[in-house]
>>> print(open('coords-v6.csv').read())   # CSV, C-alpha atoms
chain,number,residue,atom,x,y,z
A,28,MET,CA,131.1,43.0,58.4
A,29,GLU,CA,130.0,46.6,57.8
A,30,ARG,CA,126.7,45.9,59.5
A,31,ASN,CA,128.4,44.5,62.6
A,32,GLN,CA,130.7,47.6,62.9
A,33,LEU,CA,127.7,49.9,62.4
A,34,GLY,CA,125.9,48.1,65.3
A,35,LYS,CA,129.0,48.5,67.5
A,36,ARG,CA,129.2,52.2,66.5
A,37,ILE,CA,125.6,52.8,67.4
A,38,LEU,CA,126.0,51.1,70.8
A,39,LEU,CA,129.1,53.2,71.5
A,40,GLU,CA,127.2,56.4,70.6
A,41,LEU,CA,124.3,55.4,72.8
A,42,PHE,CA,126.6,54.6,75.7
A,43,ASP,CA,128.3,58.0,75.3
A,44,LEU,CA,124.9,59.7,75.3
A,45,LEU,CA,123.9,57.8,78.4
A,46,LYS,CA,127.1,58.9,80.1
A,47,VAL,CA,126.4,62.5,79.3
A,48,PHE,CA,122.9,62.2,80.8
A,49,VAL,CA,124.2,60.6,83.9
A,50,ILE,CA,126.9,63.2,84.4
A,51,CYS,CA,124.3,66.0,83.8
A,52,TYR,CA,121.9,64.4,86.3
A,53,ILE,CA,124.7,64.2,89.0
A,54,VAL,CA,125.7,67.8,88.4
A,55,VAL,CA,122.1,69.0,88.7
A,56,ILE,CA,121.6,67.0,91.9
A,57,VAL,CA,124.9,68.4,93.4
A,58,LEU,CA,124.1,72.0,92.4
A,59,THR,CA,120.5,72.0,93.7
A,60,ASN,CA,121.4,70.3,97.0
A,61,TYR,CA,124.6,72.1,97.8
A,62,VAL,CA,124.9,75.3,95.7
A,63,VAL,CA,121.7,76.9,94.4
A,64,LYS,CA,118.1,75.9,94.2
A,65,PRO,CA,115.5,77.3,91.8
A,66,ILE,CA,112.6,79.0,93.7
A,67,ARG,CA,109.3,80.4,92.6
A,68,VAL,CA,107.5,83.0,94.9
A,69,GLU,CA,103.9,81.9,95.4
A,70,GLY,CA,101.6,84.2,97.3
A,71,SER,CA,101.9,87.6,98.8
A,72,SER,CA,103.5,86.9,102.2
A,73,MET,CA,106.7,88.7,101.3
A,74,TYR,CA,105.1,91.6,99.4
A,75,PRO,CA,106.5,94.1,98.5
A,76,THR,CA,110.0,92.7,99.0
A,77,LEU,CA,109.1,89.7,96.7
A,78,LYS,CA,106.1,89.4,94.5
A,79,ASP,CA,103.8,86.5,93.6
A,80,GLY,CA,105.1,84.7,90.4
A,81,GLU,CA,108.7,85.9,90.6
A,82,PHE,CA,111.3,83.2,89.8
A,83,GLY,CA,114.9,83.0,91.0
A,84,LEU,CA,117.6,81.1,92.8
A,85,THR,CA,118.4,80.7,96.5
A,86,ASN,CA,121.8,80.1,98.0
A,87,VAL,CA,121.8,76.5,99.4
A,88,PHE,CA,125.5,76.5,100.3
A,89,SER,CA,125.2,79.4,102.8
A,90,VAL,CA,122.4,77.9,104.8
A,91,LYS,CA,124.2,74.6,105.1
A,92,PHE,CA,127.7,75.9,105.8
A,93,GLN,CA,127.4,79.5,107.1
A,94,SER,CA,125.4,81.1,109.8
A,95,VAL,CA,121.8,82.3,109.4
A,96,ASN,CA,121.4,85.8,110.8
A,97,ARG,CA,118.6,87.9,112.1
A,98,TYR,CA,116.5,89.4,109.2
A,99,ASP,CA,118.0,87.1,106.5
A,100,VAL,CA,115.5,86.1,103.9
A,101,VAL,CA,115.3,82.3,103.9
A,102,ILE,CA,113.5,79.5,102.1
A,103,ILE,CA,111.9,76.7,104.1
A,104,TYR,CA,110.3,73.5,103.1
A,105,ASN,CA,106.9,72.9,104.7
A,106,GLU,CA,106.7,69.1,104.7
A,107,GLU,CA,103.0,68.9,105.6
A,108,ARG,CA,102.1,70.8,102.4
A,109,GLY,CA,105.0,69.8,100.3
A,110,GLU,CA,105.7,73.5,99.6
A,111,TYR,CA,108.6,75.9,99.7
A,112,TRP,CA,108.0,79.1,101.6
A,113,VAL,CA,110.0,82.4,101.6
A,114,LYS,CA,110.2,84.1,105.0
A,115,ARG,CA,112.4,86.4,107.0
A,116,VAL,CA,114.3,85.4,110.1
A,117,ILE,CA,113.1,87.4,113.1
A,118,GLY,CA,114.2,85.3,116.0
A,119,LEU,CA,117.4,83.2,116.4
A,120,PRO,CA,118.0,80.2,118.7
A,121,GLY,CA,117.8,81.4,122.4
A,122,ASP,CA,115.9,84.6,121.6
A,123,THR,CA,112.6,85.6,123.1
A,124,VAL,CA,110.2,87.1,120.6
A,125,GLU,CA,106.9,88.9,121.1
A,126,SER,CA,104.6,91.3,119.4
A,127,LYS,CA,102.2,93.8,121.1
A,128,LYS,CA,100.2,96.6,119.6
A,129,ASP,CA,102.2,96.5,116.3
A,130,ILE,CA,105.6,96.6,118.2
A,131,LEU,CA,108.0,93.7,117.7
A,132,TYR,CA,110.1,92.8,120.8
A,133,ILE,CA,113.2,90.7,120.6
A,134,ASN,CA,114.7,89.8,124.0
A,135,ASN,CA,112.3,92.3,125.6
A,136,LYS,CA,113.5,95.2,123.5
A,137,PRO,CA,111.4,96.9,120.8
A,138,VAL,CA,113.1,96.7,117.4
A,139,GLU,CA,112.8,98.8,114.3
A,140,GLN,CA,112.2,96.7,111.2
A,141,GLN,CA,114.0,98.8,108.6
A,142,PHE,CA,113.7,96.0,106.0
A,143,LEU,CA,109.9,96.6,105.8
A,144,ASP,CA,108.5,99.1,103.3
A,145,GLN,CA,107.2,101.7,105.7
A,146,SER,CA,104.7,103.3,103.3
A,147,TYR,CA,103.2,99.9,102.7
A,148,VAL,CA,103.1,99.2,106.5
A,149,GLN,CA,101.3,102.5,107.1
A,150,SER,CA,98.8,101.8,104.3
A,151,MET,CA,98.0,98.4,105.8
A,152,GLN,CA,97.7,99.8,109.3
A,153,LYS,CA,94.7,101.8,108.1
A,154,GLU,CA,92.8,98.5,108.0
A,155,GLY,CA,94.1,97.3,111.4
A,156,GLN,CA,97.3,96.0,113.0
A,157,PHE,CA,100.1,95.2,110.6
A,158,THR,CA,101.7,92.5,112.9
A,159,SER,CA,99.1,90.5,115.0
A,160,ASP,CA,99.9,90.2,118.7
A,161,PHE,CA,101.5,87.0,119.9
A,162,GLU,CA,102.7,86.0,123.3
A,163,LYS,CA,106.4,85.7,124.3
A,164,VAL,CA,108.1,82.7,122.7
A,165,THR,CA,111.6,81.6,123.7
A,166,LEU,CA,113.3,79.7,121.0
A,167,GLN,CA,115.2,76.5,121.7
A,168,GLU,CA,118.5,75.4,120.1
A,169,GLY,CA,118.0,75.0,116.4
A,170,GLU,CA,114.7,77.0,116.3
A,171,TYR,CA,114.0,80.1,114.3
A,172,TRP,CA,111.1,82.5,114.4
A,173,LEU,CA,110.1,83.4,110.8
A,174,MET,CA,107.6,85.9,109.5
A,175,GLY,CA,106.7,87.3,106.1
A,176,ASP,CA,107.2,90.9,105.3
A,177,ASN,CA,103.5,91.2,104.5
A,178,ARG,CA,102.4,90.4,108.0
A,179,PRO,CA,98.6,90.6,107.5
A,180,ARG,CA,98.9,88.0,104.7
A,181,SER,CA,101.6,85.7,105.9
A,182,GLU,CA,101.2,82.2,107.3
A,183,ASP,CA,104.3,81.9,109.4
A,184,SER,CA,105.7,81.2,112.9
A,185,ARG,CA,102.7,83.1,114.4
A,186,ILE,CA,100.6,80.2,113.2
A,187,HIS,CA,103.1,77.3,112.9
A,188,GLY,CA,105.4,78.1,115.8
A,189,PRO,CA,109.2,78.1,115.5
A,190,PHE,CA,110.8,76.5,112.4
A,191,LYS,CA,113.6,74.0,112.8
A,192,GLU,CA,117.0,74.6,111.3
A,193,SER,CA,116.6,71.3,109.3
A,194,GLU,CA,113.6,73.0,107.5
A,195,LEU,CA,115.8,75.8,106.1
A,196,VAL,CA,116.6,75.1,102.5
A,197,GLY,CA,118.3,78.3,101.3
A,198,LYS,CA,119.2,81.9,102.2
A,199,ASP,CA,118.9,85.1,100.1
A,200,VAL,CA,117.1,85.2,96.8
A,201,MET,CA,118.3,86.2,93.3
A,202,ILE,CA,115.2,87.1,91.3
A,203,LEU,CA,115.7,86.4,87.6
A,204,TYR,CA,112.2,86.6,86.2
A,205,PRO,CA,110.4,88.8,85.3
A,206,LEU,CA,113.4,90.4,83.7
A,207,ASP,CA,112.4,94.0,84.7
A,208,GLU,CA,112.2,92.8,88.4
A,209,MET,CA,115.7,91.3,88.5
A,210,LYS,CA,117.2,91.8,92.0
A,211,TYR,CA,119.2,90.3,94.8
A,212,VAL,CA,117.3,90.1,98.1
A,213,GLN,CA,119.8,89.9,101.0
A,214,TYR,CA,119.7,91.6,104.3
A,215,SER,CA,122.6,94.0,104.8
A,216,GLU,CA,123.9,94.2,108.4
A,217,GLU,CA,124.8,97.9,107.7
A,218,THR,CA,121.1,98.7,108.4
A,219,SER,CA,120.9,96.6,111.5
A,220,GLU,CA,119.7,98.4,114.6
A,221,GLU,CA,121.5,96.0,117.0
>>> encode(input="coords-v6.csv", output="structure tokens")
Amino acid sequence: MERNQLGKRILLELFDLLKVFVICYIVVIVLTNYVVKPIRVEGSSMYPTLKDGEFGLTNVFSVKFQSVNRYDVVIIYNEERGEYWVKRVIGLPGDTVESKKDILYINNKPVEQQFLDQSYVQSMQKEGQFTSDFEKVTLQEGEYWLMGDNRPRSEDSRIHGPFKESELVGKDVMILYPLDEMKYVQYSEETSEE
């Protein structure tokens, strides 16, 4: 009789353990699809704003349920490569974007890019243009023009064209590692020139 009860007890414990795993799995799925997603910065396309190897979280909720604004830092999923990329929103749906002689134009007006590290830009301009020229592009509904802050080393809309809203995975980044680099990267509209 004791052996039978012990077997039932073990089965109940295993069933409880299975329930805990299932609940944890569901919570992780919900969190990473609707709240936050872990992200690792790979490459130097957002340097010095974000550095290679940094690890953090991106806000999934805001990209799904709130508006994406000009100069926001966003995470996109490049399906061709199966990679997540961190870029900055330059052009919004309906905008016309162009770059000539290191001047960025949005809707035919030159814009200052206050989010860029100007000393870094100037040091890179000694080697040539910081932002390569590209012809006028008018964005359609649901299209965004994205570029990295480190323009000479960024694979972005200048190569791939506009990114679709469906490719946006997250907005803003909270860097958690390395610990001495902890920061929240979010564009503040207070510095907007528009």
>>> residues_around(input="coords-v6.csv", residues="stretch 107-122 of chain A", least_positions_apart="6", cutoff="6 Å", atoms="all atoms listed in the file", output="list of chain:residue names")
A:Arg97, A:Tyr98, A:Asp99, A:Val100, A:Val101, A:Asn134, A:Thr165, A:Leu166, A:Gln167, A:Glu168, A:Gly169, A:Glu170, A:Tyr171, A:Trp172, A:Leu173, A:Met174, A:Gly175
>>> residues_around(input="coords-v6.csv", residues="A:Asp144", least_positions_apart="4", cutoff="12 Å", atoms="all atoms listed in the file", output="MDAnalysis selection string")
chainID A and resid 73:77 139:140 148:151 157 176:178
>>> residues_around(input="coords-v6.csv", residues="stretch 202-206 of chain A", least_positions_apart="3", cutoff="10 Å", atoms="only C-alpha atoms", output="VMD selection string")
chain A and resid 65 to 68 77 to 78 80 to 85 199 209 to 212
>>> atom_distance(input="coords-v6.csv", atom1="atom CA of A:Tyr104", atom2="atom CA of A:Glu208")
24.3 Å
>>> atom_distance(input="coords-v6.csv", atom1="atom CA of A:Gly70", atom2="atom CA of A:Ser193")
23.1 Å
>>> closest_residue(input="coords-v6.csv", among="A:Val87, A:Asp43, A:Gln152, A:Asp79", to="A:Val57", atoms="only C-alpha atoms")
A:Val87
>>> atom_distance(input="coords-v6.csv", atom1="atom CA of A:Ile102", atom2="atom CA of A:Phe190")
11.1 Å
>>> closest_residue(input="coords-v6.csv", among="A:Ser159, A:Ser72, A:Asn105, A:Asn31", to="A:Leu195", atoms="only C-alpha atoms")
A:Asn105
>>> residues_around(input="coords-v6.csv", residues="A:Ile133", least_positions_apart="5", cutoff="7 Å", atoms="only C-alpha atoms", output="VMD selection string")
chain A and resid 122 to 125 138
>>> closest_residue(input="coords-v6.csv", among="A:Ser184, A:Gly197, A:Ser94, A:Gln213", to="A:Lys64", atoms="all atoms listed in the file")
A:Gly197
>>> residues_around(input="coords-v6.csv", residues="A:Thr158", least_positions_apart="5", cutoff="9 Å", atoms="all atoms listed in the file", output="list of chain:residue names")
A:Ser126, A:Lys127, A:Lys128, A:Asp129, A:Ile130, A:Leu131, A:Asn177, A:Arg178, A:Pro179
>>> axis_aligned_box(input="coords-v6.csv", around="stretch 133-143 of chain A", padding_each_side="8 Å", output="AutoDock Vina command-line options")
--center_x 112.3 --center_y 94.3 --center_z 115.7 --size_x 20.8 --size_y 25.0 --size_z 35.8
>>> closest_residue(input="coords-v6.csv", among="A:Leu44, A:Leu143, A:Val49, A:Ile103", to="A:Pro189", atoms="all atoms listed in the file")
A:Ile103
